[in-house]
$ cat query_19.csv   # CSV, C-alpha atoms
chain,number,residue,atom,x,y,z
A,812,MET,CA,-17.9,6.1,-11.2
A,813,THR,CA,-14.9,4.4,-12.7
A,814,GLY,CA,-14.8,3.2,-16.3
A,815,LEU,CA,-12.6,0.3,-15.2
A,816,ALA,CA,-14.3,-3.0,-14.7
A,817,GLY,CA,-12.3,-4.3,-11.7
A,818,ILE,CA,-12.1,-7.9,-10.6
A,819,PRO,CA,-14.7,-9.5,-8.3
A,820,LEU,CA,-13.1,-10.7,-5.0
A,821,GLY,CA,-13.9,-14.4,-5.6
A,822,ASP,CA,-12.2,-14.3,-9.0
A,823,TRP,CA,-9.2,-12.5,-7.5
A,824,ARG,CA,-8.9,-15.1,-4.8
A,825,ALA,CA,-9.1,-17.9,-7.4
A,826,GLN,CA,-6.1,-16.4,-9.2
A,827,ALA,CA,-3.8,-16.5,-6.1
A,828,GLN,CA,-0.6,-18.5,-6.0
A,829,ASP,CA,1.3,-19.6,-2.9
A,830,MET,CA,4.9,-19.3,-1.7
A,831,ASP,CA,6.6,-19.9,1.6
A,832,PHE,CA,8.3,-17.1,3.4
A,833,ARG,CA,10.1,-18.1,6.6
A,834,GLY,CA,7.6,-20.9,7.2
A,835,GLN,CA,4.5,-18.8,6.5
A,836,ARG,CA,2.2,-19.1,3.6
A,837,ILE,CA,2.1,-16.0,1.4
A,838,ARG,CA,-0.6,-15.5,-1.3
A,839,TYR,CA,0.6,-13.7,-4.4
A,840,TRP,CA,-0.6,-12.7,-7.9
A,841,THR,CA,1.2,-11.9,-11.2
A,842,ALA,CA,0.0,-11.1,-14.7
A,843,GLY,CA,1.2,-9.5,-17.9
A,844,GLU,CA,4.6,-9.2,-19.5
A,845,GLY,CA,7.2,-6.5,-19.7
A,846,GLU,CA,9.1,-4.5,-17.1
A,847,PRO,CA,8.2,-5.7,-13.6
A,848,LEU,CA,5.9,-3.5,-11.5
A,849,LEU,CA,5.5,-4.3,-7.8
A,850,LEU,CA,2.2,-3.2,-6.2
A,851,ILE,CA,2.3,-2.8,-2.4
A,852,HIS,CA,-1.0,-2.5,-0.5
A,853,GLY,CA,-1.9,-0.6,2.7
A,854,PHE,CA,-3.3,-1.2,6.2
A,855,PRO,CA,-5.7,-2.8,7.0
A,856,THR,CA,-6.6,-4.1,3.6
A,857,ALA,CA,-4.9,-6.3,1.0
A,858,SER,CA,-3.7,-6.6,-2.7
A,859,TRP,CA,-7.3,-6.7,-3.9
A,860,ASP,CA,-7.1,-2.9,-3.4
A,861,TRP,CA,-5.5,-2.9,-6.9
A,862,HIS,CA,-8.2,-4.8,-8.7
A,863,TYR,CA,-9.4,-1.9,-10.8
A,864,LEU,CA,-5.8,-1.2,-12.0
A,865,TRP,CA,-4.6,-4.8,-12.3
A,866,GLU,CA,-5.7,-5.6,-15.8
A,867,PRO,CA,-4.9,-2.2,-17.4
A,868,LEU,CA,-1.4,-2.2,-15.8
A,869,ALA,CA,-0.9,-5.8,-16.9
A,870,ARG,CA,-1.2,-4.7,-20.6
A,871,ARG,CA,2.0,-2.6,-20.1
A,872,PHE,CA,3.9,-4.4,-17.3
A,873,ARG,CA,4.5,-7.6,-15.5
A,874,VAL,CA,2.4,-6.8,-12.5
A,875,ILE,CA,3.3,-8.5,-9.2
A,876,ALA,CA,1.6,-8.3,-5.8
A,877,CYS,CA,1.2,-10.2,-2.6
A,878,ASP,CA,-0.8,-9.9,0.5
A,879,LEU,CA,1.8,-8.9,3.1
A,880,LEU,CA,2.3,-11.0,6.2
A,881,GLY,CA,-0.6,-10.5,8.5
A,882,PHE,CA,-2.9,-9.2,5.8
A,883,GLY,CA,-5.6,-10.6,3.4
A,884,TYR,CA,-5.2,-14.2,2.4
A,885,SER,CA,-1.6,-14.5,3.6
A,886,ALA,CA,-0.7,-16.1,7.0
A,887,LYS,CA,-1.5,-14.1,10.1
A,888,PRO,CA,0.6,-15.6,12.8
A,889,ARG,CA,-0.7,-14.7,16.3
A,890,GLY,CA,2.4,-13.8,18.3
A,891,HIS,CA,4.4,-12.4,15.5
A,892,ASP,CA,6.5,-9.2,15.8
A,893,TYR,CA,5.4,-7.6,12.5
A,894,ARG,CA,7.9,-5.2,11.0
A,895,LEU,CA,8.0,-3.1,7.9
A,896,LEU,CA,11.6,-4.2,7.4
A,897,GLU,CA,10.5,-7.8,7.3
A,898,GLN,CA,7.7,-6.9,4.8
A,899,ALA,CA,10.5,-5.4,2.6
A,900,ASP,CA,12.4,-8.7,2.9
A,901,LEU,CA,9.2,-10.5,1.9
A,902,LYS,CA,8.9,-8.3,-1.3
A,903,GLN,CA,12.5,-9.2,-2.2
A,904,ALA,CA,11.8,-12.9,-1.5
A,905,LEU,CA,8.8,-12.7,-3.8
A,906,LEU,CA,10.8,-11.2,-6.6
A,907,ALA,CA,13.5,-13.9,-6.1
A,908,HIS,CA,10.8,-16.6,-6.2
A,909,LEU,CA,9.6,-15.2,-9.5
A,910,GLY,CA,13.1,-15.0,-10.9
A,911,VAL,CA,13.0,-11.2,-11.2
A,912,ASP,CA,16.5,-9.8,-10.9
A,913,GLY,CA,16.5,-6.6,-13.0
A,914,PRO,CA,15.2,-3.1,-12.1
A,915,VAL,CA,11.7,-3.0,-10.6
A,916,HIS,CA,9.0,-0.3,-10.7
A,917,VAL,CA,7.0,0.2,-7.5
A,918,LEU,CA,3.5,1.5,-7.0
A,919,ALA,CA,2.6,1.7,-3.3
A,920,HIS,CA,-0.2,2.9,-0.9
A,921,ASP,CA,-0.4,3.7,2.8
A,922,TYR,CA,1.5,1.0,4.8
A,923,GLY,CA,3.0,-0.1,1.5
A,924,ASP,CA,4.5,3.4,1.1
A,925,SER,CA,6.7,2.6,4.1
A,926,VAL,CA,7.7,-0.7,2.6
A,927,ALA,CA,8.6,1.2,-0.6
A,928,GLN,CA,10.6,3.8,1.3
A,929,GLU,CA,12.6,0.9,2.8
A,930,LEU,CA,13.2,-0.6,-0.7
A,931,LEU,CA,14.3,2.9,-1.9
A,932,ALA,CA,16.8,3.1,1.0
A,933,ARG,CA,18.0,-0.4,0.1
A,934,HIS,CA,18.4,0.7,-3.5
A,935,HIS,CA,20.8,3.5,-2.4
A,936,GLU,CA,22.6,1.0,-0.2
A,937,GLY,CA,23.1,-1.3,-3.2
A,938,ARG,CA,20.7,-4.0,-1.9
A,939,PHE,CA,17.8,-3.5,-4.3
A,940,ASN,CA,17.4,-2.4,-7.9
A,941,LEU,CA,14.6,0.2,-8.0
A,942,ALA,CA,13.6,1.6,-11.4
A,943,SER,CA,11.0,4.1,-10.2
A,944,CYS,CA,8.5,4.6,-7.3
A,945,VAL,CA,5.1,6.1,-7.1
A,946,PHE,CA,3.5,6.7,-3.8
A,947,LEU,CA,-0.3,7.0,-3.2
A,948,ASN,CA,-1.7,8.4,0.0
A,949,GLY,CA,0.5,7.3,2.9
A,950,GLY,CA,2.5,8.4,5.9
A,951,LEU,CA,5.7,9.3,4.2
A,952,PHE,CA,6.6,11.6,7.1
A,953,PRO,CA,5.6,10.8,10.7
A,954,GLU,CA,5.1,14.5,11.4
A,955,THR,CA,2.3,14.8,8.9
A,956,HIS,CA,0.6,11.4,9.6
A,957,ARG,CA,-2.8,11.9,11.3
A,958,PRO,CA,-4.1,8.5,12.4
A,959,VAL,CA,-7.8,7.9,12.8
A,960,LEU,CA,-9.2,7.0,16.3
A,961,VAL,CA,-9.1,3.2,15.8
A,962,GLN,CA,-5.4,3.4,14.9
A,963,LYS,CA,-4.7,5.3,18.1
A,964,LEU,CA,-6.6,2.8,20.1
A,965,LEU,CA,-4.8,-0.1,18.5
A,966,LEU,CA,-1.5,1.4,19.6
A,967,SER,CA,-2.8,1.9,23.2
A,968,PRO,CA,-2.6,-0.6,26.1
A,969,VAL,CA,-6.1,-1.9,25.2
A,970,GLY,CA,-5.0,-2.5,21.5
A,971,SER,CA,-5.5,-6.2,21.5
A,972,LEU,CA,-9.1,-5.8,22.8
A,973,VAL,CA,-9.8,-3.1,20.3
A,974,GLY,CA,-8.6,-5.4,17.5
A,975,ARG,CA,-10.8,-8.3,18.7
A,976,LEU,CA,-13.8,-6.0,18.8
A,977,PHE,CA,-13.2,-4.5,15.4
A,978,SER,CA,-16.1,-5.2,13.1
A,979,ARG,CA,-17.5,-4.4,9.7
A,980,ARG,CA,-19.5,-1.6,11.2
A,981,LYS,CA,-16.4,0.0,12.7
A,982,LEU,CA,-14.6,-0.5,9.4
A,983,ALA,CA,-17.5,1.3,7.6
A,984,ALA,CA,-17.3,4.2,10.1
A,985,SER,CA,-13.5,4.5,9.6
A,986,PHE,CA,-13.7,4.4,5.8
A,987,ALA,CA,-16.6,6.9,5.8
A,988,GLN,CA,-14.1,9.4,7.4
A,989,VAL,CA,-11.2,8.7,5.1
A,990,PHE,CA,-12.8,8.3,1.6
A,991,GLY,CA,-13.8,11.3,-0.4
A,992,PRO,CA,-17.4,12.7,0.2
A,993,ASN,CA,-18.5,11.7,-3.3
A,994,THR,CA,-16.4,8.5,-3.7
A,995,GLN,CA,-17.6,6.5,-0.6
A,996,PRO,CA,-17.3,2.7,-0.8
A,997,SER,CA,-20.4,0.7,-1.7
A,998,GLU,CA,-21.9,-1.8,0.7
A,999,ARG,CA,-20.6,-4.6,-1.5
A,1000,GLU,CA,-17.1,-3.1,-1.4
A,1001,LEU,CA,-17.3,-2.8,2.3
A,1002,ASP,CA,-18.3,-6.4,2.5
A,1003,ASP,CA,-15.3,-7.4,0.5
A,1004,PHE,CA,-12.8,-5.2,2.4
A,1005,TRP,CA,-14.2,-6.7,5.6
A,1006,ARG,CA,-13.9,-10.2,4.3
A,1007,LEU,CA,-10.2,-9.7,3.6
A,1008,ILE,CA,-9.6,-8.2,7.0
A,1009,ALA,CA,-11.6,-10.9,8.8
A,1010,GLU,CA,-9.9,-13.8,7.0
A,1011,SER,CA,-8.1,-16.1,9.4
A,1012,ASP,CA,-9.2,-14.0,12.3
A,1013,GLY,CA,-7.2,-11.0,11.1
A,1014,PRO,CA,-8.5,-8.5,13.7
A,1015,SER,CA,-6.6,-10.5,16.4
A,1016,VAL,CA,-3.3,-9.3,14.9
A,1017,MET,CA,-4.2,-5.7,14.1
A,1018,HIS,CA,-2.7,-4.4,17.3
A,1019,ARG,CA,0.6,-6.1,16.3
A,1020,LEU,CA,0.5,-4.8,12.7
A,1021,ILE,CA,-0.1,-1.2,13.9
A,1022,HIS,CA,3.4,-1.0,15.3
A,1023,TYR,CA,4.4,0.2,11.8
A,1024,ILE,CA,3.5,3.7,13.2
A,1025,PRO,CA,6.4,3.9,15.7
A,1026,GLU,CA,8.7,2.0,13.3
A,1027,ARG,CA,8.1,4.8,10.8
A,1028,ARG,CA,9.4,7.2,13.4
A,1029,GLN,CA,12.5,5.1,13.9
A,1030,GLN,CA,13.3,5.0,10.2
A,1031,ARG,CA,12.2,8.5,9.3
A,1032,ASP,CA,15.6,10.2,8.8
A,1033,ARG,CA,17.0,7.3,6.8
A,1034,TRP,CA,13.9,7.1,4.6
A,1035,VAL,CA,13.6,10.8,4.0
A,1036,ALA,CA,17.3,11.0,3.1
A,1037,ALA,CA,16.7,8.2,0.5
A,1038,MET,CA,13.9,10.2,-1.1
A,1039,GLN,CA,16.1,13.3,-1.1
A,1040,LYS,CA,19.0,11.6,-2.8
A,1041,GLY,CA,17.7,11.6,-6.4
A,1042,GLY,CA,18.6,9.1,-9.1
A,1043,VAL,CA,15.3,7.2,-8.9
A,1044,PRO,CA,12.2,8.8,-10.5
A,1045,LEU,CA,9.6,9.5,-7.8
A,1046,ARG,CA,6.0,10.8,-7.9
A,1047,VAL,CA,3.2,11.2,-5.4
A,1048,ILE,CA,-0.4,10.8,-6.6
A,1049,ASP,CA,-2.5,11.8,-3.6
A,1050,GLY,CA,-6.2,12.1,-2.8
A,1051,ALA,CA,-6.3,15.7,-1.5
A,1052,VAL,CA,-9.2,15.4,1.0
A,1053,ASP,CA,-7.7,12.5,2.9
A,1054,PRO,CA,-7.6,13.5,6.6
A,1055,ILE,CA,-4.8,11.0,7.3
A,1056,SER,CA,-2.3,11.9,4.5
A,1057,GLY,CA,-3.9,14.2,2.1
A,1058,ALA,CA,-2.9,17.7,0.8
A,1059,HIS,CA,-1.1,18.5,4.1
A,1060,MET,CA,1.3,15.5,3.5
A,1061,VAL,CA,1.9,16.7,-0.1
A,1062,ALA,CA,2.8,20.2,1.2
A,1063,ARG,CA,5.4,18.6,3.4
A,1064,TYR,CA,6.7,16.5,0.5
A,1065,ARG,CA,7.2,19.6,-1.6
A,1066,GLU,CA,9.1,21.2,1.3
A,1067,LEU,CA,11.5,18.3,1.8
A,1068,ILE,CA,12.0,16.6,-1.6
A,1069,PRO,CA,14.0,18.4,-4.3
A,1070,ASN,CA,12.1,18.7,-7.7
A,1071,ALA,CA,9.0,17.2,-6.0
A,1072,ASP,CA,6.7,15.6,-8.6
A,1073,THR,CA,3.2,15.6,-7.1
A,1074,VAL,CA,-0.3,15.2,-8.3
A,1075,LEU,CA,-3.3,16.2,-6.1
A,1076,LEU,CA,-6.6,14.5,-6.9
A,1077,GLU,CA,-9.3,17.0,-5.8
A,1078,GLY,CA,-12.2,15.6,-3.9
A,1079,ILE,CA,-10.5,12.1,-3.5
A,1080,GLY,CA,-9.7,10.6,-0.1
A,1081,HIS,CA,-7.3,8.0,1.2
A,1082,TYR,CA,-7.9,5.2,-1.3
A,1083,PRO,CA,-7.4,6.8,-4.8
A,1084,GLN,CA,-6.8,3.4,-6.4
A,1085,THR,CA,-10.4,2.4,-5.6
A,1086,GLU,CA,-12.0,5.9,-5.5
A,1087,ALA,CA,-10.5,7.3,-8.7
A,1088,PRO,CA,-8.6,4.4,-10.5
A,1089,ASP,CA,-9.0,6.1,-13.9
A,1090,GLN,CA,-7.1,9.1,-12.7
A,1091,VAL,CA,-4.5,7.1,-10.9
A,1092,LEU,CA,-3.9,5.1,-14.1
A,1093,GLU,CA,-3.7,8.2,-16.2
A,1094,HIS,CA,-1.2,9.9,-13.9
A,1095,TYR,CA,0.8,6.7,-13.4
A,1096,LEU,CA,1.3,6.0,-17.1
A,1097,ALA,CA,2.1,9.7,-17.8
A,1098,PHE,CA,4.8,9.4,-15.1
A,1099,HIS,CA,6.2,6.2,-16.6
A,1100,ASP,CA,6.1,7.5,-20.2
A,1101,ARG,CA,7.5,11.0,-19.4
A,1102,ASP,CA,11.2,10.2,-19.9
A,1103,ARG,CA,10.9,7.8,-22.7

$ encode --input "query_19.csv" --output "structure tokens"
Amino acid sequence: MTGLAGIPLGDWRAQAQDMDFRGQRIRYWTAGEGEPLLLIHGFPTASWDWHYLWEPLARRFRVIACDLLGFGYSAKPRGHDYRLLEQADLKQALLAHLGVDGPVHVLAHDYGDSVAQELLARHHEGRFNLASCVFLNGGLFPETHRPVLVQKLLLSPVGSLVGRLFSRRKLAASFAQVFGPNTQPSERELDDFWRLIAESDGPSVMHRLIHYIPERRQQRDRWVAAMQKGGVPLRVIDGAVDPISGAHMVARYRELIPNADTVLLEGIGHYPQTEAPDQVLEHYLAFHDRDR
């Protein structure tokens, strides 16, 4: 059990603000003062994933998050060609909307790791100012990503049907596989995760969102080169028993990334920020304070 209180979903929703991104409504949140810290959520959930960490981090940083296009409370346009590169554009548009023009820290998870990798590549190309980046469990390398069955089905020719048939029961079954054995989500948490996915008929666009998997393969060499380049402090904080991107992903990270800074959370699965937020907070702040 976490010692952090978290934020009930209804309270979280009430704190949302709106911005327009290319004609689509995006819901975003910001709190605190200090150096900007951008939190980027994963698939298929939303920024509420950070609710245990939000207030503790806001005591140290200006925390900023939005529900990415197609997720949570943001717009979910039906025929849209969802792209990770566009989601990176969205993050840059959000920072511009908030008047943030200095260096930005990033804490990312899952799908958000890929958005963060794109921002890191843009940093090295002179198109973004990244102060540091911490990755939670995610597919940093296509060769180590082990998608669960529903992800494979969403990518298949019957993907649109699979999305429409996705349900709270199927979400619960998928999460049971990827959370740690002793840190499974409660029924109430599952209700809230499902509420966010189901908002605005979200399952009808899941087969479009899932194209991040082939897009990761297309960008792999550019993104890995960006992580290998140095100059930006990086850390991986990873739930070790995650079957999608657990200890096996961290082993690959250590092979490929010079001076790899990694933390393995034993017994924790794919969602360390909700399974073990106290540990994530401790290791994140230690990373941030290390060179100060």

$ atom_distance --input "query_19.csv" --atom1 "CA of Val917 in chain A" --atom2 "CA of His935 in chain A"
15.1 Å

$ residues_near_point --input "query_19.csv" --point "(8.5, -11.0, -9.9)" --cutoff "9 Å" --atoms "all atoms listed in the file" --output "ChimeraX atom specification"
/A:841,847-849,873-876,903,905-912,915

$ residues_around --input "query_19.csv" --residues "Val1043 in chain A" --least-positions-apart "2" --cutoff "7 Å" --atoms "all atoms listed in the file" --output "PyMOL selection string"
chain A and resi 942-943+1041+1045

$ write_last_selection --input "query_19.csv" --atoms "C-alpha atoms" --output "PDB file, keeping the file's coordinate frame"
ATOM      1  CA  ALA A 942      13.600   1.600 -11.400  1.00  0.00           C
ATOM      2  CA  SER A 943      11.000   4.100 -10.200  1.00  0.00           C
ATOM      3  CA  GLY A1041      17.700  11.600  -6.400  1.00  0.00           C
ATOM      4  CA  LEU A1045       9.600   9.500  -7.800  1.00  0.00           C
TER       5      LEU A1045
END

$ residues_around --input "query_19.csv" --residues "range 963-975 of chain A" --least-positions-apart "6" --cutoff "9 Å" --atoms "only C-alpha atoms" --output "PyMOL selection string"
chain A and resi 1012-1019+1021-1022+1024

$ atom_distance --input "query_19.csv" --atom1 "CA of Gly881 in chain A" --atom2 "CA of Arg980 in chain A"
21.1 Å

$ closest_atom_pairs --input "query_19.csv" --of "range 1040-1074 of chain A" --to "range 982-994 of chain A" --cutoff "10 Å" --atoms "all atoms listed in the file" --output "JSON lines"
{"residue": "A:Gly1050", "atom": "CA", "partner": "A:Gly991", "partner_atom": "CA", "distance": 8.0}
{"residue": "A:Ala1051", "atom": "CA", "partner": "A:Gly991", "partner_atom": "CA", "distance": 8.8}
{"residue": "A:Val1052", "atom": "CA", "partner": "A:Gly991", "partner_atom": "CA", "distance": 6.3}
{"residue": "A:Asp1053", "atom": "CA", "partner": "A:Val989", "partner_atom": "CA", "distance": 5.6}
{"residue": "A:Pro1054", "atom": "CA", "partner": "A:Val989", "partner_atom": "CA", "distance": 6.2}
{"residue": "A:Ile1055", "atom": "CA", "partner": "A:Val989", "partner_atom": "CA", "distance": 7.1}
{"residue": "A:Ser1056", "atom": "CA", "partner": "A:Val989", "partner_atom": "CA", "distance": 9.5}
{"residue": "A:Gly1057", "atom": "CA", "partner": "A:Val989", "partner_atom": "CA", "distance": 9.6}

$ write_last_selection --input "query_19.csv" --atoms "C-alpha atoms" --output "compact mmCIF listing (two decimals), keeping the file's coordinate frame"
# COMPACT_ATOMS: atom_id res chain seq x y z
CA GLY A 1050 -6.20 12.10 -2.80
CA ALA A 1051 -6.30 15.70 -1.50
CA VAL A 1052 -9.20 15.40 1.00
CA ASP A 1053 -7.70 12.50 2.90
CA PRO A 1054 -7.60 13.50 6.60
CA ILE A 1055 -4.80 11.00 7.30
CA SER A 1056 -2.30 11.90 4.50
CA GLY A 1057 -3.90 14.20 2.10

$ closest_residue --input "query_19.csv" --among "A:Glu1010, A:Glu844, A:Glu1066, A:Glu1093" --to "Ser885 in chain A" --atoms "all atoms listed in the file"
A:Glu1010
